[in-house]
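For reference, work_32.cif is printed below; it contains mmCIF, C-alpha atoms.
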data_query
loop_
_atom_site.group_PDB
_atom_site.id
_atom_site.type_symbol
_atom_site.label_atom_id
_atom_site.label_comp_id
_atom_site.auth_asym_id
_atom_site.auth_seq_id
_atom_site.Cartn_x
_atom_site.Cartn_y
_atom_site.Cartn_z
ATOM 1 C CA MET A 24 -28.844 -4.752 -5.742
ATOM 2 C CA ALA A 25 -28.140 -3.473 -2.202
ATOM 3 C CA ALA A 26 -29.345 0.006 -1.274
ATOM 4 C CA PRO A 27 -26.593 2.636 -0.878
ATOM 5 C CA SER A 28 -27.048 2.760 2.883
ATOM 6 C CA SER A 29 -26.745 -0.988 3.325
ATOM 7 C CA LEU A 30 -23.788 -1.088 0.936
ATOM 8 C CA ALA A 31 -21.996 1.615 2.899
ATOM 9 C CA SER A 32 -22.686 -0.191 6.176
ATOM 10 C CA SER A 33 -21.384 -3.433 4.725
ATOM 11 C CA GLN A 34 -18.165 -1.841 3.521
ATOM 12 C CA LEU A 35 -17.604 0.035 6.775
ATOM 13 C CA SER A 36 -18.176 -3.219 8.645
ATOM 14 C CA SER A 37 -15.641 -4.915 6.384
ATOM 15 C CA LEU A 38 -13.167 -2.134 7.089
ATOM 16 C CA ALA A 39 -13.671 -2.590 10.817
ATOM 17 C CA ASP A 40 -13.112 -6.324 10.437
ATOM 18 C CA LEU A 41 -9.884 -5.636 8.571
ATOM 19 C CA ARG A 42 -8.679 -3.315 11.326
ATOM 20 C CA ARG A 43 -9.431 -5.952 13.978
ATOM 21 C CA ALA A 44 -7.706 -8.625 11.940
ATOM 22 C CA ALA A 45 -4.644 -6.426 11.611
ATOM 23 C CA SER A 46 -4.230 -6.348 15.396
ATOM 24 C CA ALA A 47 -4.010 -10.141 15.601
ATOM 25 C CA PRO A 48 -0.461 -11.524 16.010
ATOM 26 C CA ALA A 49 1.170 -12.339 12.681
ATOM 27 C CA PRO A 50 2.488 -15.874 12.149
ATOM 28 C CA ALA A 51 6.180 -16.272 12.850
ATOM 29 C CA PRO A 52 8.245 -15.833 9.691
ATOM 30 C CA GLN A 53 10.114 -18.866 8.380
ATOM 31 C CA HIS A 54 13.589 -17.408 8.569
ATOM 32 C CA HIS A 55 15.658 -20.445 7.710
ATOM 33 C CA GLN A 56 13.906 -21.274 4.470
ATOM 34 C CA HIS A 57 14.265 -17.753 3.136
ATOM 35 C CA GLN A 58 17.851 -17.333 4.303
ATOM 36 C CA LEU A 59 18.835 -20.414 2.332
ATOM 37 C CA ARG A 60 17.030 -19.212 -0.757
ATOM 38 C CA LEU A 61 18.537 -15.744 -0.411
ATOM 39 C CA GLY A 62 21.968 -17.308 -0.569
ATOM 40 C CA CYS A 63 21.025 -18.900 -3.885
ATOM 41 C CA SER A 64 19.789 -15.551 -5.182
ATOM 42 C CA ARG A 65 23.049 -13.813 -4.351
ATOM 43 C CA ARG A 66 25.110 -16.477 -6.102
ATOM 44 C CA ARG A 67 22.889 -16.191 -9.171
ATOM 45 C CA ALA A 68 23.388 -12.410 -9.213
ATOM 46 C CA GLN A 69 27.158 -12.897 -9.453
ATOM 47 C CA ARG A 70 26.823 -15.119 -12.528
ATOM 48 C CA LEU A 71 24.222 -13.153 -14.485
ATOM 49 C CA VAL A 72 23.941 -9.493 -15.342
ATOM 50 C CA ALA A 73 20.849 -9.342 -17.584
ATOM 51 C CA MET A 74 17.302 -8.927 -16.239
ATOM 52 C CA ALA A 75 16.248 -11.858 -14.081
ATOM 53 C CA GLY A 76 12.584 -11.241 -14.866
ATOM 54 C CA SER A 77 10.982 -11.501 -18.265
ATOM 55 C CA GLY A 78 8.964 -8.260 -18.100
ATOM 56 C CA LYS A 79 9.614 -4.963 -19.868
ATOM 57 C CA PHE A 80 11.562 -2.264 -18.022
ATOM 58 C CA PHE A 81 9.131 -0.013 -16.103
ATOM 59 C CA VAL A 82 9.420 3.531 -14.740
ATOM 60 C CA GLY A 83 6.685 5.225 -12.712
ATOM 61 C CA GLY A 84 6.625 8.852 -11.610
ATOM 62 C CA ASN A 85 4.803 9.597 -8.365
ATOM 63 C CA TRP A 86 4.068 13.326 -8.269
ATOM 64 C CA LYS A 87 2.595 13.030 -4.757
ATOM 65 C CA CYS A 88 0.854 16.164 -3.413
ATOM 66 C CA ASN A 89 2.725 18.540 -5.710
ATOM 67 C CA GLY A 90 1.900 20.851 -8.589
ATOM 68 C CA THR A 91 -0.438 23.526 -9.873
ATOM 69 C CA LYS A 92 -2.245 23.732 -13.190
ATOM 70 C CA GLU A 93 0.584 25.897 -14.495
ATOM 71 C CA SER A 94 3.507 23.780 -13.255
ATOM 72 C CA ILE A 95 1.866 20.553 -14.404
ATOM 73 C CA SER A 96 1.239 22.035 -17.840
ATOM 74 C CA LYS A 97 4.977 22.809 -18.066
ATOM 75 C CA LEU A 98 5.916 19.319 -16.856
ATOM 76 C CA VAL A 99 3.607 17.675 -19.391
ATOM 77 C CA SER A 100 5.153 19.820 -22.164
ATOM 78 C CA ASP A 101 8.630 18.669 -21.112
ATOM 79 C CA LEU A 102 7.536 15.031 -21.106
ATOM 80 C CA ASN A 103 5.871 15.383 -24.502
ATOM 81 C CA ALA A 104 9.097 16.791 -25.908
ATOM 82 C CA ALA A 105 11.350 14.143 -24.360
ATOM 83 C CA THR A 106 12.909 11.308 -26.337
ATOM 84 C CA ILE A 107 12.283 8.071 -24.458
ATOM 85 C CA GLU A 108 13.582 4.625 -25.376
ATOM 86 C CA ASN A 109 10.992 2.288 -26.878
ATOM 87 C CA ASP A 110 11.585 -0.681 -24.601
ATOM 88 C CA VAL A 111 10.381 0.884 -21.350
ATOM 89 C CA ASP A 112 6.848 1.279 -19.982
ATOM 90 C CA VAL A 113 6.347 4.760 -18.518
ATOM 91 C CA VAL A 114 3.580 5.836 -16.124
ATOM 92 C CA VAL A 115 3.019 9.075 -14.185
ATOM 93 C CA ALA A 116 0.768 9.611 -11.164
ATOM 94 C CA PRO A 117 -0.527 13.171 -10.747
ATOM 95 C CA PRO A 118 -2.695 14.289 -7.814
ATOM 96 C CA PHE A 119 -6.352 13.290 -8.296
ATOM 97 C CA ILE A 120 -7.537 16.748 -9.310
ATOM 98 C CA TYR A 121 -5.017 16.982 -12.165
ATOM 99 C CA ILE A 122 -5.494 13.510 -13.651
ATOM 100 C CA ASP A 123 -7.970 14.730 -16.255
ATOM 101 C CA GLN A 124 -5.703 17.645 -17.245
ATOM 102 C CA VAL A 125 -2.733 15.303 -17.647
ATOM 103 C CA LYS A 126 -4.729 12.619 -19.423
ATOM 104 C CA SER A 127 -6.017 15.103 -21.996
ATOM 105 C CA SER A 128 -2.632 16.689 -22.753
ATOM 106 C CA LEU A 129 0.044 14.032 -22.217
ATOM 107 C CA THR A 130 1.392 11.896 -25.044
ATOM 108 C CA ASP A 131 -0.162 8.437 -25.316
ATOM 109 C CA ARG A 132 3.381 7.090 -24.963
ATOM 110 C CA ILE A 133 3.029 7.645 -21.207
ATOM 111 C CA GLU A 134 0.188 6.115 -19.197
ATOM 112 C CA VAL A 135 -1.540 7.754 -16.240
ATOM 113 C CA SER A 136 -1.921 6.456 -12.690
ATOM 114 C CA ALA A 137 -3.738 7.518 -9.546
ATOM 115 C CA GLN A 138 -1.916 7.604 -6.219
ATOM 116 C CA ASN A 139 -4.621 5.783 -4.258
ATOM 117 C CA THR A 140 -8.146 4.404 -4.495
ATOM 118 C CA TRP A 141 -10.949 3.277 -2.205
ATOM 119 C CA ILE A 142 -11.311 -0.336 -1.082
ATOM 120 C CA GLY A 143 -14.637 -0.941 -2.820
ATOM 121 C CA LYS A 144 -17.488 0.542 -4.800
ATOM 122 C CA GLY A 145 -18.155 4.237 -4.320
ATOM 123 C CA GLY A 146 -20.911 5.653 -2.135
ATOM 124 C CA ALA A 147 -21.052 7.487 1.194
ATOM 125 C CA PHE A 148 -17.275 7.631 1.693
ATOM 126 C CA THR A 149 -16.363 11.301 2.018
ATOM 127 C CA GLY A 150 -13.041 12.201 0.441
ATOM 128 C CA GLU A 151 -12.504 8.865 -1.302
ATOM 129 C CA ILE A 152 -12.169 8.108 -5.021
ATOM 130 C CA SER A 153 -13.389 4.774 -6.390
ATOM 131 C CA ALA A 154 -11.691 2.545 -8.923
ATOM 132 C CA GLU A 155 -14.740 2.904 -11.158
ATOM 133 C CA GLN A 156 -14.326 6.691 -11.182
ATOM 134 C CA LEU A 157 -10.658 6.391 -12.075
ATOM 135 C CA VAL A 158 -11.438 4.079 -14.979
ATOM 136 C CA ASP A 159 -14.211 6.457 -16.071
ATOM 137 C CA ILE A 160 -11.711 9.301 -16.632
ATOM 138 C CA GLY A 161 -9.254 7.058 -18.443
ATOM 139 C CA CYS A 162 -6.845 6.272 -15.623
ATOM 140 C CA GLN A 163 -4.944 3.013 -16.232
ATOM 141 C CA TRP A 164 -2.929 2.483 -13.029
ATOM 142 C CA VAL A 165 -3.034 3.060 -9.288
ATOM 143 C CA ILE A 166 -0.286 3.114 -6.645
ATOM 144 C CA LEU A 167 -1.246 1.140 -3.521
ATOM 145 C CA GLY A 168 0.600 0.518 -0.272
ATOM 146 C CA HIS A 169 2.967 3.474 -0.536
ATOM 147 C CA SER A 170 4.794 4.059 2.747
ATOM 148 C CA GLU A 171 3.142 7.450 3.184
ATOM 149 C CA ARG A 172 -0.261 5.738 3.056
ATOM 150 C CA ARG A 173 0.952 3.086 5.494
ATOM 151 C CA HIS A 174 2.849 5.174 8.042
ATOM 152 C CA VAL A 175 1.237 8.626 7.772
ATOM 153 C CA ILE A 176 -2.384 7.723 6.971
ATOM 154 C CA GLY A 177 -2.343 4.425 8.883
ATOM 155 C CA GLU A 178 -3.401 1.903 6.235
ATOM 156 C CA ASP A 179 -2.527 -1.681 7.215
ATOM 157 C CA ASP A 180 -1.404 -4.640 5.130
ATOM 158 C CA GLN A 181 -4.792 -6.345 4.907
ATOM 159 C CA PHE A 182 -6.609 -3.143 3.976
ATOM 160 C CA ILE A 183 -4.089 -2.483 1.206
ATOM 161 C CA GLY A 184 -4.341 -6.043 -0.091
ATOM 162 C CA LYS A 185 -8.120 -5.768 -0.331
ATOM 163 C CA LYS A 186 -7.785 -2.463 -2.186
ATOM 164 C CA ALA A 187 -5.437 -4.075 -4.690
ATOM 165 C CA ALA A 188 -7.865 -6.923 -5.358
ATOM 166 C CA TYR A 189 -10.765 -4.534 -5.916
ATOM 167 C CA ALA A 190 -8.773 -2.221 -8.179
ATOM 168 C CA LEU A 191 -7.596 -5.138 -10.330
ATOM 169 C CA GLY A 192 -11.179 -6.363 -10.534
ATOM 170 C CA GLN A 193 -12.144 -3.009 -12.040
ATOM 171 C CA ASN A 194 -9.373 -3.275 -14.663
ATOM 172 C CA LEU A 195 -6.927 -0.910 -12.997
ATOM 173 C CA LYS A 196 -3.294 -2.019 -13.039
ATOM 174 C CA VAL A 197 -1.537 -1.845 -9.677
ATOM 175 C CA MET A 198 1.863 -0.677 -8.472
ATOM 176 C CA ALA A 199 2.050 -2.584 -5.175
ATOM 177 C CA CYS A 200 4.504 -0.954 -2.759
ATOM 178 C CA ILE A 201 6.476 -2.631 0.012
ATOM 179 C CA GLY A 202 9.397 -1.525 2.149
ATOM 180 C CA GLU A 203 10.902 -1.345 5.622
ATOM 181 C CA LEU A 204 11.477 1.498 8.091
ATOM 182 C CA LEU A 205 15.012 2.436 9.119
ATOM 183 C CA GLU A 206 14.631 0.831 12.549
ATOM 184 C CA GLU A 207 13.364 -2.363 10.911
ATOM 185 C CA ARG A 208 16.408 -2.526 8.639
ATOM 186 C CA GLU A 209 18.757 -1.849 11.539
ATOM 187 C CA ALA A 210 17.035 -4.636 13.516
ATOM 188 C CA GLY A 211 17.617 -7.078 10.649
ATOM 189 C CA LYS A 212 13.911 -7.306 9.830
ATOM 190 C CA THR A 213 13.973 -6.091 6.210
ATOM 191 C CA PHE A 214 12.955 -9.429 4.679
ATOM 192 C CA GLU A 215 10.425 -10.197 7.413
ATOM 193 C CA VAL A 216 8.646 -6.866 6.875
ATOM 194 C CA CYS A 217 8.696 -7.042 3.078
ATOM 195 C CA PHE A 218 7.471 -10.652 3.006
ATOM 196 C CA LYS A 219 4.618 -9.818 5.402
ATOM 197 C CA GLN A 220 3.523 -6.939 3.167
ATOM 198 C CA LEU A 221 3.881 -9.140 0.092
ATOM 199 C CA LYS A 222 1.758 -11.862 1.679
ATOM 200 C CA ALA A 223 -1.121 -9.415 2.162
ATOM 201 C CA PHE A 224 -1.066 -8.733 -1.576
ATOM 202 C CA ALA A 225 -0.679 -12.425 -2.442
ATOM 203 C CA ASP A 226 -3.589 -13.391 -0.182
ATOM 204 C CA ASN A 227 -5.877 -11.175 -2.250
ATOM 205 C CA ILE A 228 -4.475 -11.267 -5.795
ATOM 206 C CA THR A 229 -5.319 -14.192 -8.061
ATOM 207 C CA ASN A 230 -3.934 -12.816 -11.322
ATOM 208 C CA TRP A 231 -0.594 -10.973 -11.253
ATOM 209 C CA THR A 232 -0.576 -9.975 -14.934
ATOM 210 C CA ASN A 233 -1.337 -6.333 -14.173
ATOM 211 C CA VAL A 234 0.788 -5.961 -11.026
ATOM 212 C CA VAL A 235 4.182 -4.288 -10.626
ATOM 213 C CA ILE A 236 5.909 -4.583 -7.238
ATOM 214 C CA ALA A 237 7.740 -1.490 -5.998
ATOM 215 C CA TYR A 238 10.347 -1.991 -3.271
ATOM 216 C CA GLU A 239 10.783 1.342 -1.508
ATOM 217 C CA PRO A 240 12.865 1.328 1.682
ATOM 218 C CA VAL A 241 11.129 3.978 3.757
ATOM 219 C CA TRP A 242 14.436 5.345 5.051
ATOM 220 C CA ALA A 243 15.428 6.220 1.476
ATOM 221 C CA ILE A 244 12.241 7.999 0.356
ATOM 222 C CA GLY A 245 12.785 11.736 0.019
ATOM 223 C CA THR A 246 15.790 11.651 2.334
ATOM 224 C CA GLY A 247 18.563 11.721 -0.242
ATOM 225 C CA LYS A 248 19.747 8.383 1.126
ATOM 226 C CA VAL A 249 19.703 5.654 -1.507
ATOM 227 C CA ALA A 250 19.995 1.933 -0.998
ATOM 228 C CA SER A 251 23.204 0.842 -2.661
ATOM 229 C CA PRO A 252 22.745 -1.148 -5.878
ATOM 230 C CA GLU A 253 23.836 -4.222 -3.899
ATOM 231 C CA GLN A 254 21.326 -3.590 -1.081
ATOM 232 C CA ALA A 255 18.489 -3.065 -3.558
ATOM 233 C CA GLN A 256 19.473 -6.115 -5.609
ATOM 234 C CA GLU A 257 19.530 -8.313 -2.504
ATOM 235 C CA VAL A 258 15.964 -7.382 -1.546
ATOM 236 C CA HIS A 259 14.694 -7.620 -5.130
ATOM 237 C CA ALA A 260 16.196 -11.104 -5.470
ATOM 238 C CA ALA A 261 14.591 -12.071 -2.159
ATOM 239 C CA VAL A 262 11.206 -10.817 -3.317
ATOM 240 C CA ARG A 263 11.482 -12.784 -6.548
ATOM 241 C CA ASP A 264 12.418 -15.892 -4.571
ATOM 242 C CA TRP A 265 9.472 -15.344 -2.237
ATOM 243 C CA LEU A 266 7.112 -15.137 -5.212
ATOM 244 C CA LYS A 267 8.593 -18.320 -6.662
ATOM 245 C CA THR A 268 8.087 -20.197 -3.385
ATOM 246 C CA ASN A 269 4.725 -18.765 -2.351
ATOM 247 C CA VAL A 270 2.970 -17.907 -5.632
ATOM 248 C CA SER A 271 4.557 -19.556 -8.681
ATOM 249 C CA ALA A 272 7.711 -19.645 -10.763
ATOM 250 C CA ASP A 273 5.834 -18.086 -13.670
ATOM 251 C CA VAL A 274 4.711 -15.119 -11.572
ATOM 252 C CA ALA A 275 8.209 -14.711 -10.118
ATOM 253 C CA SER A 276 9.617 -14.467 -13.633
ATOM 254 C CA ALA A 277 6.931 -12.251 -15.141
ATOM 255 C CA VAL A 278 6.245 -9.716 -12.383
ATOM 256 C CA ARG A 279 8.396 -6.621 -12.570
ATOM 257 C CA ILE A 280 10.074 -5.554 -9.325
ATOM 258 C CA ILE A 281 11.027 -1.886 -9.381
ATOM 259 C CA TYR A 282 13.038 0.205 -6.913
ATOM 260 C CA GLY A 283 12.028 3.498 -5.311
ATOM 261 C CA GLY A 284 13.851 5.708 -2.846
ATOM 262 C CA SER A 285 15.663 8.917 -3.908
ATOM 263 C CA VAL A 286 16.195 7.658 -7.454
ATOM 264 C CA ASN A 287 17.515 10.430 -9.681
ATOM 265 C CA ALA A 288 19.161 11.058 -13.036
ATOM 266 C CA ALA A 289 22.622 10.569 -11.544
ATOM 267 C CA ASN A 290 22.149 7.180 -9.836
ATOM 268 C CA SER A 291 19.553 5.408 -11.978
ATOM 269 C CA ALA A 292 21.972 3.901 -14.501
ATOM 270 C CA GLU A 293 24.031 2.086 -11.843
ATOM 271 C CA LEU A 294 20.922 0.783 -10.106
ATOM 272 C CA ALA A 295 19.466 -0.379 -13.426
ATOM 273 C CA LYS A 296 22.469 -2.632 -14.050
ATOM 274 C CA LYS A 297 21.353 -5.011 -11.300
ATOM 275 C CA GLU A 298 19.581 -8.060 -12.709
ATOM 276 C CA ASP A 299 16.528 -8.056 -10.405
ATOM 277 C CA ILE A 300 15.887 -4.301 -10.657
ATOM 278 C CA ASP A 301 13.278 -4.046 -13.407
ATOM 279 C CA GLY A 302 12.810 -0.282 -13.245
ATOM 280 C CA PHE A 303 11.952 2.505 -10.819
ATOM 281 C CA LEU A 304 9.212 4.313 -8.946
ATOM 282 C CA VAL A 305 10.447 7.910 -8.846
ATOM 283 C CA GLY A 306 9.361 10.670 -6.494
ATOM 284 C CA GLY A 307 10.930 14.137 -6.550
ATOM 285 C CA ALA A 308 12.916 13.608 -9.739
ATOM 286 C CA SER A 309 9.700 12.802 -11.629
ATOM 287 C CA LEU A 310 8.711 16.472 -11.264
ATOM 288 C CA LYS A 311 11.603 17.437 -13.561
ATOM 289 C CA GLY A 312 10.848 16.368 -17.131
ATOM 290 C CA PRO A 313 14.431 16.055 -18.432
ATOM 291 C CA ASP A 314 15.594 14.178 -15.317
ATOM 292 C CA PHE A 315 12.651 11.806 -15.480
ATOM 293 C CA ALA A 316 13.392 11.093 -19.140
ATOM 294 C CA THR A 317 16.994 10.296 -18.220
ATOM 295 C CA ILE A 318 15.775 7.826 -15.595
ATOM 296 C CA CYS A 319 13.438 6.215 -18.148
ATOM 297 C CA ASN A 320 16.353 5.882 -20.542
ATOM 298 C CA SER A 321 18.465 4.087 -17.937
ATOM 299 C CA VAL A 322 16.985 1.002 -19.604
ATOM 300 C CA THR A 323 20.031 1.322 -21.866
ATOM 301 C CA SER A 324 22.108 0.060 -18.916
ATOM 302 C CA LYS A 325 20.286 -3.246 -19.307
ATOM 303 C CA LYS A 326 21.322 -3.392 -22.963
ATOM 304 C CA VAL A 327 24.953 -2.713 -22.098
ATOM 305 C CA THR A 328 25.097 -5.354 -19.378
ATOM 306 C CA ALA A 329 22.980 -8.005 -21.086
#

Serialized structure, structure tokens:
Amino acid sequence: MAAPSSLASSQLSSLADLRRAASAPAPAPQHHQHQLRLGCSRRRAQRLVAMAGSGKFFVGGNWKCNGTKESISKLVSDLNAATIENDVDVVVAPPFIYIDQVKSSLTDRIEVSAQNTWIGKGGAFTGEISAEQLVDIGCQWVILGHSERRHVIGEDDQFIGKKAAYALGQNLKVMACIGELLEEREAGKTFEVCFKQLKAFADNITNWTNVVIAYEPVWAIGTGKVASPEQAQEVHAAVRDWLKTNVSADVASAVRIIYGGSVNAANSAELAKKEDIDGFLVGGASLKGPDFATICNSVTSKKVTA
């Protein structure tokens, strides 16, 4: 077994390698192949209304850097009292320091996630939390690749992909986030950006059983702007097609692709009607127990349209 100092050096060296690799030019995207397949996805969406994937509806609540012991206690009480449909998986992600409080007081009906984790085994990494530590306190999920980690903290695609692989190896389930900036959408690069981010996950993940993909257009996160149901459906269908072409048809069918970006109690039902939208990753509205329950129960829109 390597000594802590050598282990730390090895991991820091690996991180440096990842940073250098990230600066290398990315291979040119294969536009024509995906444009053709996207056309097929849109035609399929017009014929079918039920869920395109085979997975259970999924709703995650990302509490971000919000809350106090008192406010979180109230939120947990509201969630415990809520009536939530049976055929939806529900997960909430409190800040690190409140995970234990939530885990010990929240109904078992709702699972608990972290908002981030370190790329490898713990050690001399000030401020980081390891996957092993999260598992030790009973955490079941982790959110990786969120736009705030990418564009505020500076994490790159390869670094995030490696984190996902390590977390899965420690039996944490992963919500893998992708999404484009406003200028990237306006430049017509939405698919190019999302596929590049997806590839970094696919290059590192060998078993997708415990992965949920969250498409979160950065321009819609916390802005009040929401991708229209048609815009979200188009990207979700494209992602599923990409998985079918580049991973496998089985993975494309089984992996749940959820939408995030100013989802709330008022718009969730319409979004949920789209066949490739398998649920939601919710930000601000997840801090309001009754609203979050309403979003979870938008699974009923799938029953109506199926």

Test item: the PyMOL selection byres ((chain A and resi 197-202) around 10) resolved as a short mmCIF file (atom, residue, chain, number, x, y, z; two decimals) with C-alpha atoms, in the frame of the given file:
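Writing the result to selection.cif gives the following:
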data_model
loop_
_atom_site.label_atom_id
_atom_site.label_comp_id
_atom_site.auth_asym_id
_atom_site.auth_seq_id
_atom_site.Cartn_x
_atom_site.Cartn_y
_atom_site.Cartn_z
CA GLY A 83 6.68 5.22 -12.71
CA SER A 136 -1.92 6.46 -12.69
CA ALA A 137 -3.74 7.52 -9.55
CA GLN A 138 -1.92 7.60 -6.22
CA ASN A 139 -4.62 5.78 -4.26
CA GLN A 163 -4.94 3.01 -16.23
CA TRP A 164 -2.93 2.48 -13.03
CA VAL A 165 -3.03 3.06 -9.29
CA ILE A 166 -0.29 3.11 -6.64
CA LEU A 167 -1.25 1.14 -3.52
CA GLY A 168 0.60 0.52 -0.27
CA HIS A 169 2.97 3.47 -0.54
CA SER A 170 4.79 4.06 2.75
CA ARG A 173 0.95 3.09 5.49
CA ASP A 180 -1.40 -4.64 5.13
CA ILE A 183 -4.09 -2.48 1.21
CA GLY A 184 -4.34 -6.04 -0.09
CA LYS A 186 -7.78 -2.46 -2.19
CA ALA A 187 -5.44 -4.08 -4.69
CA ALA A 188 -7.86 -6.92 -5.36
CA ALA A 190 -8.77 -2.22 -8.18
CA LEU A 191 -7.60 -5.14 -10.33
CA ASN A 194 -9.37 -3.28 -14.66
CA LEU A 195 -6.93 -0.91 -13.00
CA LYS A 196 -3.29 -2.02 -13.04
CA GLU A 203 10.90 -1.34 5.62
CA LEU A 204 11.48 1.50 8.09
CA LEU A 205 15.01 2.44 9.12
CA GLU A 207 13.36 -2.36 10.91
CA ARG A 208 16.41 -2.53 8.64
CA THR A 213 13.97 -6.09 6.21
CA PHE A 214 12.96 -9.43 4.68
CA VAL A 216 8.65 -6.87 6.88
CA CYS A 217 8.70 -7.04 3.08
CA PHE A 218 7.47 -10.65 3.01
CA LYS A 219 4.62 -9.82 5.40
CA GLN A 220 3.52 -6.94 3.17
CA LEU A 221 3.88 -9.14 0.09
CA PHE A 224 -1.07 -8.73 -1.58
CA TRP A 231 -0.59 -10.97 -11.25
CA THR A 232 -0.58 -9.98 -14.93
CA ASN A 233 -1.34 -6.33 -14.17
CA VAL A 234 0.79 -5.96 -11.03
CA VAL A 235 4.18 -4.29 -10.63
CA ILE A 236 5.91 -4.58 -7.24
CA ALA A 237 7.74 -1.49 -6.00
CA TYR A 238 10.35 -1.99 -3.27
CA GLU A 239 10.78 1.34 -1.51
CA PRO A 240 12.86 1.33 1.68
CA VAL A 241 11.13 3.98 3.76
CA TRP A 242 14.44 5.34 5.05
CA ALA A 243 15.43 6.22 1.48
CA VAL A 258 15.96 -7.38 -1.55
CA ARG A 279 8.40 -6.62 -12.57
CA ILE A 280 10.07 -5.55 -9.32
CA ILE A 281 11.03 -1.89 -9.38
CA TYR A 282 13.04 0.20 -6.91
CA GLY A 283 12.03 3.50 -5.31
CA GLY A 284 13.85 5.71 -2.85
CA LEU A 304 9.21 4.31 -8.95
#

Interatomic distance, CA of Asp110 (chain A) to CA of Thr317 (chain A) (Å, one decimal) = 13.8 Å

message = As a check of understanding, name the residues that the PyMOL selection byres ((chain A and resi 112-121) around 7) selects in the supplied structure, as an NGL selection string.
response = :A and (79-88 or 110-111 or 122-125 or 133-138)

key: Distance in Å - CA of Gln156 (chain A) versus CA of Lys144 (chain A)   = 9.4 Å

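Shortest atom-to-atom contact with Asp131 (chain A) among A:Cys319, A:Leu102, A:Glu151, A:Asn269: A:Leu102, counting all atoms listed in the file.
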
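Here CA of Ala288 (chain A) and CA of Lys326 (chain A) stand 17.7 Å from one another.
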
Write out as a short mmCIF file (atom, residue, chain, number, x, y, z; two decimals) with C-alpha atoms, keeping the file's coordinate frame the residues lying within 9 Å of Asn320 (chain A), counting all atoms listed in the file and excluding same-chain residues fewer than 5 positions away.
data_model
loop_
_atom_site.label_atom_id
_atom_site.label_comp_id
_atom_site.auth_asym_id
_atom_site.auth_seq_id
_atom_site.Cartn_x
_atom_site.Cartn_y
_atom_site.Cartn_z
CA THR A 106 12.91 11.31 -26.34
CA ILE A 107 12.28 8.07 -24.46
CA GLU A 108 13.58 4.62 -25.38
CA VAL A 111 10.38 0.88 -21.35
CA ALA A 292 21.97 3.90 -14.50
CA PHE A 315 12.65 11.81 -15.48
#

request  = Name the residues within 10 Å of (21.9, -4.3, -6.5), counting all atoms listed in the file in the file's coordinates, and put them as a PyMOL selection string.
outcome  = chain A and resi 65+68+250-260+282+293-300

message = Just checking: using all atoms listed in the file, which residue out of A:Cys162, A:Asn227, A:Asp314, A:Ile95 ends up closest to Tyr189 (chain A)?
response =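 Counting all atoms listed in the file, the residue closest to Tyr189 (chain A) is A:Asn227.
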
inquiry  = Report as a count of residues only all protein, DNA and RNA residues lying within 12 Å of Lys97 (chain A), evaluated on only C-alpha atoms, omitting residues in the same chain fewer than 2 positions from it.
reply    = 20

request  = Can you work out which one of A:Arg172, A:Gly245, A:Gly177, A:Asp273 has the shortest atom-to-atom distance to Val286 (chain A), counting all atoms listed in the file?
outcome  =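 Smallest separation from Val286 (chain A) among the options: A:Gly245.
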
remark   = For Gly302 (chain A), the closest of A:Val278, A:Ile142, A:Ala223, A:Ala289 counting only C-alpha atoms is A:Val278

Give, as AutoDock Vina command-line options, the centre coordinates and the x, y and z edge lengths in Å to one decimal for an axis-aligned box around all listed atoms of region 217-224 of chain A, padded by 6 Å on each side.
--center_x 3.8 --center_y -9.4 --center_z 1.9 --size_x 21.8 --size_y 16.9 --size_z 19.0

query = Closest to Ser276 (chain A) among A:Gly78, A:Ile152, A:Asp301, A:Gly211, using all atoms listed in the file?
reply =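 Among A:Gly78, A:Ile152, A:Asp301, A:Gly211, it is A:Gly78 that comes nearest to Ser276 (chain A).
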
task = Tell me which of A:Ser153, A:Gln181, A:Asn230, A:Asn287 sits closest to Val270 (chain A), counting all atoms listed in the file.
result = A:Asn230
